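A.B. asks: Input: one structure, supplied below.
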Amino acid sequence: MKFTLLIQSAPIDSQSSATALRFARTLLTKGHEIERLFFYRSGVQSANRLALAPQDETNLPADWQQLISKHELDAVVCIAAAIRRGVVNATETARYGIEGDNLLESAELSGLGQLVAACAASDRVVTFGGGA
Amino acid sequence: MSESTLHILNRGPNQPELLQHLLDALSAGDEILLIEDGIYWASEHFAERFQSTQPKVLKADAEARGLTRICGQTVDDADFVELCVNHRRSVSWC
Amino acid sequence: MNSFLIISRNPPYGSAAAREALELALACALFDREVAILLLDDAVYQLLPGHNPSAIGQKNLAAMQQSLPLYDVDKIFVCQSSLETRGLVTEALALPVTPVDSQGLKALMREYEAIINV
């Protein structure tokens, strides 16, 4: 089956992003397809390349990057949610006249329309995290 | 294909209204999966809340939290995927 | 999955939750998908009239709410017991809403293909 996964909470502050990653790995192991990973709300922090973890801790953004690139997954980060929370690519920082960027290499910034389109193309939509 | 819903709950007794909404929204044929902090609802103490539908409990999260005496069936990650496949839709209560 | 039920449980301004739920609902409508909104618990406060968030430096949510009917998003459901425990009545809310009880909630769950708690 084709799945869209929606991740709405940040790593560290919630377990949801880690649960979603484990679910995504299991999906692929069982032969299902991931139509799209969509990061919304605080979930955009899952795509922050500058999150650093001590040696003995999990680095979720790095793990997401590895999964996305290994399986050539489509990973979209909601642009409106991301820029407000400081998860940005070079295009956006140039637009705002500042330096730096931290978006995961294999993710792209785009709109909520990508989530809507992914759901339309999917058999299942599973949400991880959210709330206040 | 079943028209049923998988209800996923990841918050515990700190948010009792969440469980109440879930139970209000439950129809025959639906299932409940407790994950993350939601696994605490599977303590024996709360057993009477789940009259019609016994919850399933994600093993990794129960183990992590030291919850050993569980009311309901423990499931693994592969079962989590299977539950999502078997139900038409899922709703993650948060 | 082409029809969406967007559920919100949070009040406006104290977090981005209310605004981001509305944004998702509007995105569904903009891309011609059937969408309904369900407000539970403190989310019913989103529809109190007369917001004025200028002193706290936020955009008024009412502007986004008023655009809902423009995009034909007219199915706004509110939890009846959430209204009652907060001493609110539907007539006092800024938009027309349909109150739902437990039976109504069960029916809503089965009517939409994608249910997203934002």
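Identifiers in the structure tokens: chain A, B, ... in order shown; residue index from 1 per chain; ligand index from 1 in order shown.
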Please list as a PDB file with C-alpha atoms, in the first residue's frame every residue within 10 Å of Asp72 of chain C, counting only C-alpha atoms and excluding residues in the same chain fewer than 3 positions away.
C.D. replies:
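Written file, out06.pdb:
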```pdb
ATOM      1  CA  LEU C  26      -7.857  26.036   3.828  1.00  0.00           C
ATOM      2  CA  ALA C  29     -10.237  23.551   0.172  1.00  0.00           C
ATOM      3  CA  LEU C  30      -7.859  25.441  -2.127  1.00  0.00           C
ATOM      4  CA  ASP C  32     -10.624  21.275  -4.233  1.00  0.00           C
ATOM      5  CA  GLU C  34     -13.837  18.052   0.618  1.00  0.00           C
ATOM      6  CA  VAL C  35     -12.946  19.258   4.095  1.00  0.00           C
ATOM      7  CA  SER C  67     -12.216  33.178   4.452  1.00  0.00           C
ATOM      8  CA  LEU C  68     -13.541  29.670   5.194  1.00  0.00           C
ATOM      9  CA  PRO C  69     -16.965  30.284   3.603  1.00  0.00           C
ATOM     10  CA  LYS C  75     -18.867  22.208   7.621  1.00  0.00           C
TER      11      LYS C  75
END
```
A.B. asks: Go through segment 7-111 of chain A residue by residue and, counting only C-alpha atoms, keep those with an atom at most 10 Å from segment 22-42 of chain B; for each kept residue give the shortest atom pair and its distance in Å to one decimal, ordered by chain and increasing number, as JSON lines.
C.D. replies:
```
{"residue": "A:Ser14", "atom": "CA", "partner": "B:Glu36", "partner_atom": "CA", "distance": 9.4}
{"residue": "A:Gln15", "atom": "CA", "partner": "B:Glu36", "partner_atom": "CA", "distance": 7.0}
{"residue": "A:Ser16", "atom": "CA", "partner": "B:Glu36", "partner_atom": "CA", "distance": 7.8}
{"residue": "A:Thr19", "atom": "CA", "partner": "B:Glu36", "partner_atom": "CA", "distance": 8.1}
```
A.B. asks: Kindly save the residues from that selection, with C-alpha atoms included, as a PDB file, in the first residue's frame.
C.D. replies:
```pdb
ATOM      1  CA  SER A  14       8.335  14.711  21.676  1.00  0.00           C
ATOM      2  CA  GLN A  15       8.835  11.050  20.906  1.00  0.00           C
ATOM      3  CA  SER A  16       6.599  11.255  17.845  1.00  0.00           C
ATOM      4  CA  THR A  19       8.101   6.738  16.370  1.00  0.00           C
TER       5      THR A  19
END
```
A.B. asks: In Å to one decimal, how far is atom CA of Ser122 of chain A from atom CA of Ala16 of chain C?
C.D. replies: 27.3 Å
A.B. asks: Mind running chain B against chain A at 8 Å and telling me each contacting residue's nearest atom pair with the distance in Å (one decimal), counting only C-alpha atoms, chain and number ascending, as a tab-separated table?
C.D. replies:
```
residue	atom	partner	partner_atom	distance
B:Glu36	CA	A:Gln15	CA	7.0
B:Asp77	CA	A:Thr26	CA	6.7
B:Ala78	CA	A:Thr26	CA	6.2
B:Phe80	CA	A:Phe23	CA	7.8
B:Val81	CA	A:Leu27	CA	6.4
B:Cys84	CA	A:Arg124	CA	7.3
B:Val85	CA	A:Arg124	CA	7.4
B:Arg88	CA	A:Arg124	CA	7.5
B:Arg89	CA	A:Arg124	CA	6.6
B:Ser90	CA	A:Val126	CA	6.3
B:Val91	CA	A:Thr127	CA	7.3
B:Ser92	CA	A:Thr127	CA	6.0
B:Cys94	CA	A:Gly131	CA	5.3
```
A.B. asks: Which residues of chain C come within 10 Å of chain B, and what is each one's closest atom pair and distance in Å (one decimal), counting only C-alpha atoms, sorted by chain and residue number, as a tab-separated table?
C.D. replies:
```
residue	atom	partner	partner_atom	distance
C:Met1	CA	B:Arg89	CA	9.2
C:Leu5	CA	B:Val91	CA	9.9
C:Ile7	CA	B:Trp93	CA	9.1
C:Ser8	CA	B:Cys94	CA	9.1
C:Arg9	CA	B:Cys94	CA	8.2
C:Leu40	CA	B:His21	CA	8.6
C:Asp41	CA	B:Glu17	CA	8.3
C:Cys79	CA	B:His21	CA	9.5
C:Asp101	CA	B:Asp24	CA	8.4
C:Ser102	CA	B:Asp24	CA	5.0
C:Gln103	CA	B:Asp24	CA	7.7
C:Gly104	CA	B:Ala25	CA	8.5
C:Leu105	CA	B:Ala25	CA	5.3
C:Lys106	CA	B:Ala25	CA	4.5
C:Ala107	CA	B:Ala25	CA	8.1
C:Leu108	CA	B:Ala25	CA	8.4
C:Met109	CA	B:Ala25	CA	6.9
C:Arg110	CA	B:Glu3	CA	7.0
C:Glu111	CA	B:Glu3	CA	9.5
C:Tyr112	CA	B:Arg89	CA	8.6
C:Glu113	CA	B:Arg89	CA	6.3
C:Ala114	CA	B:Arg89	CA	6.4
C:Ile115	CA	B:Val91	CA	5.6
C:Ile116	CA	B:Val91	CA	6.4
C:Asn117	CA	B:Trp93	CA	6.3
C:Val118	CA	B:Cys94	CA	7.9
```
A.B. asks: I need the residue nearest chain C from this list: A:Leu109, A:Ala53, A:Ala80, A:Ala90. Use only C-alpha atoms for the distance.
C.D. replies: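 Between A:Leu109, A:Ala53, A:Ala80, A:Ala90, the residue approaching chain C most closely is A:Ala80.
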A.B. asks: Which distance in Å separates atom CA of His51 of chain C and atom CA of Leu115 of chain A, to one decimal?
C.D. replies: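 Atom CA of Leu115 of chain A lies 29.6 Å from atom CA of His51 of chain C.
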A.B. asks: C:Asp42, C:Asp74, C:Glu91, C:Glu84: which is nearest chain A, counting only C-alpha atoms?
C.D. replies: C:Asp42
A.B. asks: Please provide the set of residues having any atom within 10 Å of Ala117 of chain A, restricted to only C-alpha atoms, with same-chain residues fewer than 2 positions apart removed, written as a PDB file with C-alpha atoms, in the first residue's frame.
C.D. replies:
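Written file, around-v3.pdb:
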```
ATOM      1  CA  THR A   4       1.734   9.297   3.480  1.00  0.00           C
ATOM      2  CA  GLU A  35       4.327   8.255  -1.143  1.00  0.00           C
ATOM      3  CA  ARG A  36       5.584  11.194   0.863  1.00  0.00           C
ATOM      4  CA  LEU A 112       0.584  22.273   2.295  1.00  0.00           C
ATOM      5  CA  GLY A 113      -0.697  21.497  -1.190  1.00  0.00           C
ATOM      6  CA  GLN A 114       1.994  18.805  -1.305  1.00  0.00           C
ATOM      7  CA  LEU A 115       0.421  17.134   1.730  1.00  0.00           C
ATOM      8  CA  CYS A 119      -2.957  12.085   0.611  1.00  0.00           C
ATOM      9  CA  ALA A 120      -4.894  11.946  -2.657  1.00  0.00           C
ATOM     10  CA  ALA A 121      -2.320   9.529  -4.070  1.00  0.00           C
ATOM     11  CA  SER A 122      -2.119   7.376  -0.926  1.00  0.00           C
TER      12      SER A 122
ATOM     13  CA  MET C   1      -7.679   9.891   0.376  1.00  0.00           C
ATOM     14  CA  ASN C   2      -9.639  12.843  -0.854  1.00  0.00           C
ATOM     15  CA  CYS C  28      -7.504  21.223   1.436  1.00  0.00           C
ATOM     16  CA  PHE C  31      -6.958  22.151  -3.790  1.00  0.00           C
ATOM     17  CA  ARG C  33     -10.861  18.580  -1.606  1.00  0.00           C
TER      18      ARG C  33
END
```
A.B. asks: B:Ser43, B:Thr53, B:Asn86, B:Gln15: which is nearest Cys71 of chain B, counting only C-alpha atoms?
C.D. replies: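 Residue with the minimum atom-to-atom distance to Cys71 of chain B: B:Ser43.
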A.B. asks: Can you work out the spacing between atom CA of Tyr71 of chain C and atom CA of Ile83 of chain A in Å, to one decimal?
C.D. replies: 25.8 Å
A.B. asks: Mind checking DSSP for chain C and telling me the strand (DSSP E) residues as a ChimeraX atom specification?
C.D. replies: /C:3-8,34-39,76-79,98-100,114-117
A.B. asks: Mind writing the picked residues with C-alpha atoms as a PDB file, in the first residue's frame?
C.D. replies:
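The resulting file, part_19.pdb, is reproduced below:
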```
ATOM      1  CA  SER C   3     -11.822  14.015   1.993  1.00  0.00           C
ATOM      2  CA  PHE C   4     -10.422  15.506   5.163  1.00  0.00           C
ATOM      3  CA  LEU C   5     -11.631  16.018   8.715  1.00  0.00           C
ATOM      4  CA  ILE C   6      -9.321  18.478  10.447  1.00  0.00           C
ATOM      5  CA  ILE C   7      -9.570  18.262  14.231  1.00  0.00           C
ATOM      6  CA  SER C   8      -8.347  20.967  16.579  1.00  0.00           C
ATOM      7  CA  GLU C  34     -13.837  18.052   0.618  1.00  0.00           C
ATOM      8  CA  VAL C  35     -12.946  19.258   4.095  1.00  0.00           C
ATOM      9  CA  ALA C  36     -14.666  19.677   7.427  1.00  0.00           C
ATOM     10  CA  ILE C  37     -13.404  21.094  10.702  1.00  0.00           C
ATOM     11  CA  LEU C  38     -14.099  19.656  14.145  1.00  0.00           C
ATOM     12  CA  LEU C  39     -13.405  21.766  17.223  1.00  0.00           C
ATOM     13  CA  ILE C  76     -17.666  23.321  11.007  1.00  0.00           C
ATOM     14  CA  PHE C  77     -18.522  20.962  13.826  1.00  0.00           C
ATOM     15  CA  VAL C  78     -18.110  21.653  17.515  1.00  0.00           C
ATOM     16  CA  CYS C  79     -18.248  19.219  20.387  1.00  0.00           C
ATOM     17  CA  THR C  98     -23.078  22.189  13.921  1.00  0.00           C
ATOM     18  CA  PRO C  99     -22.808  20.814  17.459  1.00  0.00           C
ATOM     19  CA  VAL C 100     -22.073  17.073  17.706  1.00  0.00           C
ATOM     20  CA  ALA C 114      -8.289  11.292   6.195  1.00  0.00           C
ATOM     21  CA  ILE C 115      -8.686  12.431   9.793  1.00  0.00           C
ATOM     22  CA  ILE C 116      -5.953  14.740  10.995  1.00  0.00           C
ATOM     23  CA  ASN C 117      -5.618  16.001  14.557  1.00  0.00           C
TER      24      ASN C 117
END
```
A.B. asks: Return the single residue from C:Asn60, C:Ser82, C:Gln66, C:Ser15 that is closest to chain A, with distances computed using only C-alpha atoms.
C.D. replies: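 Closest candidate: C:Ser15.
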A.B. asks: Among segment 13-52 of chain B, which residues does DSSP mark as helix (DSSP H, G or I) when it is run on the backbone? Keep the chain and numbering as in the structure and answer as a list in words.
C.D. replies: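 Answer for segment 13-52 of chain B restricted to helix (DSSP H, G or I) is Pro16, Glu17, Leu18, Leu19, Gln20, His21, Leu22, Leu23, Asp24, Ala25, Glu36, Asp37, Gly38, Ile39, Tyr40, Trp41, Ala42, Glu44, His45, Phe46, Ala47, Glu48 and Arg49 of chain B.
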A.B. asks: Tell me which of B:Leu19, B:His7, B:Asp79, B:Gly72 sits closest to Pro55 of chain B, counting only C-alpha atoms.
C.D. replies: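 Checking each candidate against Pro55 of chain B, we get B:Gly72 as the closest.
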